[in-house]
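Read through the structure below, which is laid out as structure tokens, and then see the notes.
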Amino acid sequence: MTIQERLTEAMKVAMRAKDSLRLNTIRMMRTAIKNREIDTRSELSETEAISILSTLVKQRRESAAAYRNGGRDDLAAKEEQELAIVQEFLPSQLDEAGIRELIEKAVLETGAVSPKDMGKVMKVVSAQTTGRADGRLVSELVKARLAG
């Protein structure tokens, strides 16, 4: 079952359960995907849909942090609830050890030896971690690996 099919089914369940937060979050995800389809004038692949949901996860994390820093814990809690719902539709997340393993393979594959080669490594690793790991964490781990 594709992400879009799962979203449609989850939306129906949320409607029946009268779960407004979940329903609104699912509608937001479907809208983001539909808007990209309209922009590209084609149906999105599973990878592209995952990429969009990953962007939504990043936005929710940043918003929650901004609200917490601003003393708006109520809004931060709402963002974190939405974050949890969006993450349900993404592939299982990689742990740090899994990310490091992918980085090692990418370093060997690209022949990277210094921080100047970070772009080559990131290109390979990012393709494998989209939707499965936080991009900032991946970047930090690649930078640390290439630094020494």
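Simple scheme: letters A, B, ... for chains in structure tokens order, numbers from 1 for residues in each chain, numbers from 1 for ligands in the order shown.
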(request) Write out as number ranges by chain the residues lying within 9 Å of Arg22 (chain A), counting only C-alpha atoms and excluding same-chain residues fewer than 6 positions away. (result) A: 10-11, 14-15, 81-82, 85
Keeping only N, CA, C and O atoms, write those residues as a short mmCIF file (atom, residue, chain, number, x, y, z; two decimals), in the first residue's frame.
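Result file part-v1.cif:
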```cif
data_model
loop_
_atom_site.label_atom_id
_atom_site.label_comp_id
_atom_site.auth_asym_id
_atom_site.auth_seq_id
_atom_site.Cartn_x
_atom_site.Cartn_y
_atom_site.Cartn_z
N ALA A 10 -6.29 6.31 6.58
CA ALA A 10 -6.15 6.91 7.91
C ALA A 10 -7.09 8.10 8.06
O ALA A 10 -7.64 8.34 9.15
N MET A 11 -7.31 8.84 6.98
CA MET A 11 -8.22 9.97 7.03
C MET A 11 -9.64 9.50 7.31
O MET A 11 -10.36 10.08 8.12
N ALA A 14 -9.88 8.54 10.94
CA ALA A 14 -9.89 9.73 11.79
C ALA A 14 -11.24 10.44 11.74
O ALA A 14 -11.72 10.95 12.75
N MET A 15 -11.86 10.44 10.56
CA MET A 15 -13.20 11.04 10.43
C MET A 15 -14.20 10.29 11.29
O MET A 15 -14.99 10.89 12.01
N GLN A 81 2.65 16.81 18.57
CA GLN A 81 1.62 15.80 18.29
C GLN A 81 1.49 15.59 16.77
O GLN A 81 1.38 14.46 16.30
N GLU A 82 1.52 16.68 16.03
CA GLU A 82 1.47 16.58 14.56
C GLU A 82 2.70 15.84 14.04
O GLU A 82 2.60 15.01 13.13
N ILE A 85 2.30 12.17 14.33
CA ILE A 85 1.37 11.63 13.33
C ILE A 85 2.06 11.52 11.97
O ILE A 85 1.92 10.50 11.28
#
```
(message) Using DSSP assignments from the backbone, pull out every residue in chain A that falls under alpha helix (DSSP H) and give it to me as JSON, numbers by chain.
(response) {"A": [3, 4, 5, 6, 7, 8, 9, 10, 11, 12, 13, 14, 15, 16, 17, 20, 21, 22, 23, 24, 25, 26, 27, 28, 29, 30, 31, 32, 33, 34, 35, 36, 37, 38, 39, 40, 46, 47, 48, 49, 50, 51, 52, 53, 54, 55, 56, 57, 58, 59, 60, 61, 62, 63, 64, 65, 66, 67, 68, 69, 73, 74, 75, 76, 77, 78, 79, 80, 81, 82, 83, 84, 85, 86, 87, 88, 96, 97, 98, 99, 100, 101, 102, 103, 104, 105, 106, 107, 108, 109, 110, 118, 119, 120, 121, 122, 123, 124, 125, 126, 127, 128, 129, 135, 136, 137, 138, 139, 140, 141, 142, 143, 144, 145, 146, 147]}
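Look at Thr55 (chain A): the protein and nucleic acid residues within 12 Å of it, using only C-alpha atoms and passing over chain neighbours fewer than 4 places away, are Met29, Ala32, Ile33, Glu48, Ala49, Ile50, Ser51, Gln59, Arg60, Arg61, Glu62, Leu83, Val86, Gln87, Leu90, Thr130, Gly131, Arg132, Ala133, Asp134 and Gly135 of chain A.
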Just N, CA and C atoms for this one: save the residues we selected as an mmCIF file, in the first residue's frame.
```cif
data_model
loop_
_atom_site.group_PDB
_atom_site.id
_atom_site.type_symbol
_atom_site.label_atom_id
_atom_site.label_comp_id
_atom_site.auth_asym_id
_atom_site.auth_seq_id
_atom_site.Cartn_x
_atom_site.Cartn_y
_atom_site.Cartn_z
ATOM 1 N N MET A 29 -0.937 16.678 5.181
ATOM 2 C CA MET A 29 0.023 15.845 4.437
ATOM 3 C C MET A 29 -0.478 15.585 3.025
ATOM 4 N N ALA A 32 -0.088 18.713 0.922
ATOM 5 C CA ALA A 32 1.309 18.963 0.524
ATOM 6 C C ALA A 32 1.695 18.072 -0.656
ATOM 7 N N ILE A 33 1.293 16.816 -0.609
ATOM 8 C CA ILE A 33 1.597 15.887 -1.699
ATOM 9 C C ILE A 33 0.862 16.302 -2.968
ATOM 10 N N GLU A 48 9.384 10.446 -3.631
ATOM 11 C CA GLU A 48 9.056 11.875 -3.609
ATOM 12 C C GLU A 48 8.056 12.188 -2.498
ATOM 13 N N ALA A 49 7.091 11.301 -2.288
ATOM 14 C CA ALA A 49 6.118 11.491 -1.207
ATOM 15 C C ALA A 49 6.825 11.443 0.143
ATOM 16 N N ILE A 50 7.763 10.518 0.301
ATOM 17 C CA ILE A 50 8.537 10.427 1.545
ATOM 18 C C ILE A 50 9.328 11.709 1.761
ATOM 19 N N SER A 51 9.879 12.248 0.700
ATOM 20 C CA SER A 51 10.645 13.488 0.791
ATOM 21 C C SER A 51 9.763 14.638 1.289
ATOM 22 N N GLN A 59 9.816 20.753 9.459
ATOM 23 C CA GLN A 59 9.083 21.978 9.793
ATOM 24 C C GLN A 59 8.459 21.883 11.187
ATOM 25 N N ARG A 60 7.887 20.730 11.504
ATOM 26 C CA ARG A 60 7.251 20.550 12.820
ATOM 27 C C ARG A 60 8.288 20.630 13.941
ATOM 28 N N ARG A 61 9.445 20.013 13.725
ATOM 29 C CA ARG A 61 10.507 20.069 14.743
ATOM 30 C C ARG A 61 10.959 21.508 14.980
ATOM 31 N N GLU A 62 11.195 22.226 13.887
ATOM 32 C CA GLU A 62 11.663 23.607 14.008
ATOM 33 C C GLU A 62 10.605 24.491 14.659
ATOM 34 N N LEU A 83 3.849 16.138 14.626
ATOM 35 C CA LEU A 83 5.099 15.476 14.247
ATOM 36 C C LEU A 83 4.970 13.965 14.398
ATOM 37 N N VAL A 86 2.790 12.547 11.582
ATOM 38 C CA VAL A 86 3.486 12.519 10.281
ATOM 39 C C VAL A 86 4.499 11.379 10.254
ATOM 40 N N GLN A 87 5.222 11.189 11.358
ATOM 41 C CA GLN A 87 6.251 10.143 11.401
ATOM 42 C C GLN A 87 5.664 8.743 11.260
ATOM 43 N N LEU A 90 6.077 7.597 7.687
ATOM 44 C CA LEU A 90 7.426 7.487 7.130
ATOM 45 C C LEU A 90 7.998 6.106 7.417
ATOM 46 N N THR A 130 16.758 9.483 3.085
ATOM 47 C CA THR A 130 15.608 10.367 2.953
ATOM 48 C C THR A 130 14.399 9.767 3.653
ATOM 49 N N GLY A 131 13.869 10.509 4.598
ATOM 50 C CA GLY A 131 12.699 10.060 5.343
ATOM 51 C C GLY A 131 13.009 9.077 6.458
ATOM 52 N N ARG A 132 14.258 8.642 6.536
ATOM 53 C CA ARG A 132 14.629 7.644 7.538
ATOM 54 C C ARG A 132 15.577 8.189 8.594
ATOM 55 N N ALA A 133 16.065 9.426 8.381
ATOM 56 C CA ALA A 133 16.991 10.028 9.346
ATOM 57 C C ALA A 133 16.963 11.537 9.190
ATOM 58 N N ASP A 134 17.241 12.242 10.273
ATOM 59 C CA ASP A 134 17.298 13.697 10.258
ATOM 60 C C ASP A 134 18.515 14.143 9.457
ATOM 61 N N GLY A 135 18.302 14.988 8.466
ATOM 62 C CA GLY A 135 19.382 15.445 7.592
ATOM 63 C C GLY A 135 20.506 16.142 8.337
#
```
(request) Could you give me, as a list in words, the residues within 10 Å of Ser63 (chain A), counting only C-alpha atoms and dropping anything in the same chain fewer than 3 positions from it? (result) Val57, Lys58, Gln59, Arg60, Ala66, Tyr67, Arg68, Asn69, Leu75, Ala76, Lys78, Glu79 and Glu80 of chain A
Take the residues that were just selected and, keeping N, CA and C atoms, output them as a short mmCIF file (atom, residue, chain, number, x, y, z; two decimals), in the first residue's frame.
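Listing of again16.cif after writing:
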```
data_model
loop_
_atom_site.label_atom_id
_atom_site.label_comp_id
_atom_site.auth_asym_id
_atom_site.auth_seq_id
_atom_site.Cartn_x
_atom_site.Cartn_y
_atom_site.Cartn_z
N VAL A 57 8.13 16.93 8.61
CA VAL A 57 8.70 16.56 9.92
C VAL A 57 9.69 17.63 10.36
N LYS A 58 10.56 18.04 9.45
CA LYS A 58 11.55 19.07 9.78
C LYS A 58 10.86 20.37 10.19
N GLN A 59 9.82 20.75 9.46
CA GLN A 59 9.08 21.98 9.79
C GLN A 59 8.46 21.88 11.19
N ARG A 60 7.89 20.73 11.50
CA ARG A 60 7.25 20.55 12.82
C ARG A 60 8.29 20.63 13.94
N ALA A 66 10.90 26.54 18.18
CA ALA A 66 10.68 27.99 18.22
C ALA A 66 9.61 28.35 19.24
N TYR A 67 8.54 27.57 19.28
CA TYR A 67 7.47 27.84 20.25
C TYR A 67 7.98 27.64 21.68
N ARG A 68 8.78 26.61 21.90
CA ARG A 68 9.33 26.37 23.24
C ARG A 68 10.22 27.54 23.67
N ASN A 69 11.06 28.00 22.74
CA ASN A 69 11.94 29.13 23.04
C ASN A 69 11.15 30.40 23.32
N LEU A 75 1.47 25.56 22.05
CA LEU A 75 1.66 25.42 20.60
C LEU A 75 2.76 24.41 20.27
N ALA A 76 3.80 24.38 21.09
CA ALA A 76 4.88 23.41 20.88
C ALA A 76 4.33 22.00 21.02
N LYS A 78 1.30 20.97 20.42
CA LYS A 78 0.49 20.68 19.24
C LYS A 78 1.39 20.28 18.06
N GLU A 79 2.47 21.02 17.87
CA GLU A 79 3.41 20.71 16.79
C GLU A 79 4.02 19.31 16.99
N GLU A 80 4.34 18.98 18.23
CA GLU A 80 4.93 17.67 18.52
C GLU A 80 3.91 16.55 18.29
#
```
So that I can check the surroundings of Leu141 (chain A), please list as a PDB file with N, CA, C and O atoms, in the first residue's frame every protein, DNA and RNA residue that reaches within 10 Å of it, counting only C-alpha atoms and ignoring chain neighbours fewer than 5 positions away.
```pdb
ATOM      1  N   GLU A  96      21.647   5.826  15.015  1.00  0.00           N
ATOM      2  CA  GLU A  96      22.933   6.431  14.702  1.00  0.00           C
ATOM      3  C   GLU A  96      23.921   5.407  14.134  1.00  0.00           C
ATOM      4  O   GLU A  96      24.684   5.702  13.216  1.00  0.00           O
ATOM      5  N   ILE A  99      23.179   4.818  10.508  1.00  0.00           N
ATOM      6  CA  ILE A  99      23.616   5.952   9.689  1.00  0.00           C
ATOM      7  C   ILE A  99      25.127   5.897   9.492  1.00  0.00           C
ATOM      8  O   ILE A  99      25.624   6.087   8.373  1.00  0.00           O
ATOM      9  N   ARG A 100      25.864   5.613  10.568  1.00  0.00           N
ATOM     10  CA  ARG A 100      27.324   5.523  10.470  1.00  0.00           C
ATOM     11  C   ARG A 100      27.746   4.429   9.481  1.00  0.00           C
ATOM     12  O   ARG A 100      28.702   4.592   8.728  1.00  0.00           O
ATOM     13  N   ILE A 103      27.332   5.727   6.054  1.00  0.00           N
ATOM     14  CA  ILE A 103      28.383   6.710   5.782  1.00  0.00           C
ATOM     15  C   ILE A 103      29.687   6.001   5.420  1.00  0.00           C
ATOM     16  O   ILE A 103      30.367   6.391   4.468  1.00  0.00           O
ATOM     17  N   GLY A 135      18.302  14.988   8.466  1.00  0.00           N
ATOM     18  CA  GLY A 135      19.382  15.445   7.592  1.00  0.00           C
ATOM     19  C   GLY A 135      20.506  16.142   8.337  1.00  0.00           C
ATOM     20  O   GLY A 135      21.670  16.017   7.987  1.00  0.00           O
ATOM     21  N   ARG A 136      20.153  16.883   9.379  1.00  0.00           N
ATOM     22  CA  ARG A 136      21.175  17.598  10.153  1.00  0.00           C
ATOM     23  C   ARG A 136      22.095  16.604  10.854  1.00  0.00           C
ATOM     24  O   ARG A 136      23.308  16.774  10.854  1.00  0.00           O
ATOM     25  N   LEU A 146      34.679  12.592   8.153  1.00  0.00           N
ATOM     26  CA  LEU A 146      35.685  13.091   7.215  1.00  0.00           C
ATOM     27  C   LEU A 146      36.736  13.960   7.886  1.00  0.00           C
ATOM     28  O   LEU A 146      37.835  14.133   7.350  1.00  0.00           O
ATOM     29  N   ALA A 147      36.413  14.484   9.065  1.00  0.00           N
ATOM     30  CA  ALA A 147      37.366  15.326   9.775  1.00  0.00           C
ATOM     31  C   ALA A 147      38.476  14.482  10.417  1.00  0.00           C
ATOM     32  O   ALA A 147      39.553  14.980  10.696  1.00  0.00           O
TER      33      ALA A 147
END
```
(message) Taking only C-alpha atoms into account, name the residue in A:Ala97, A:Leu102, A:Met1, A:Ala144 that is nearest to Met118 (chain A).
(response) A:Ala144
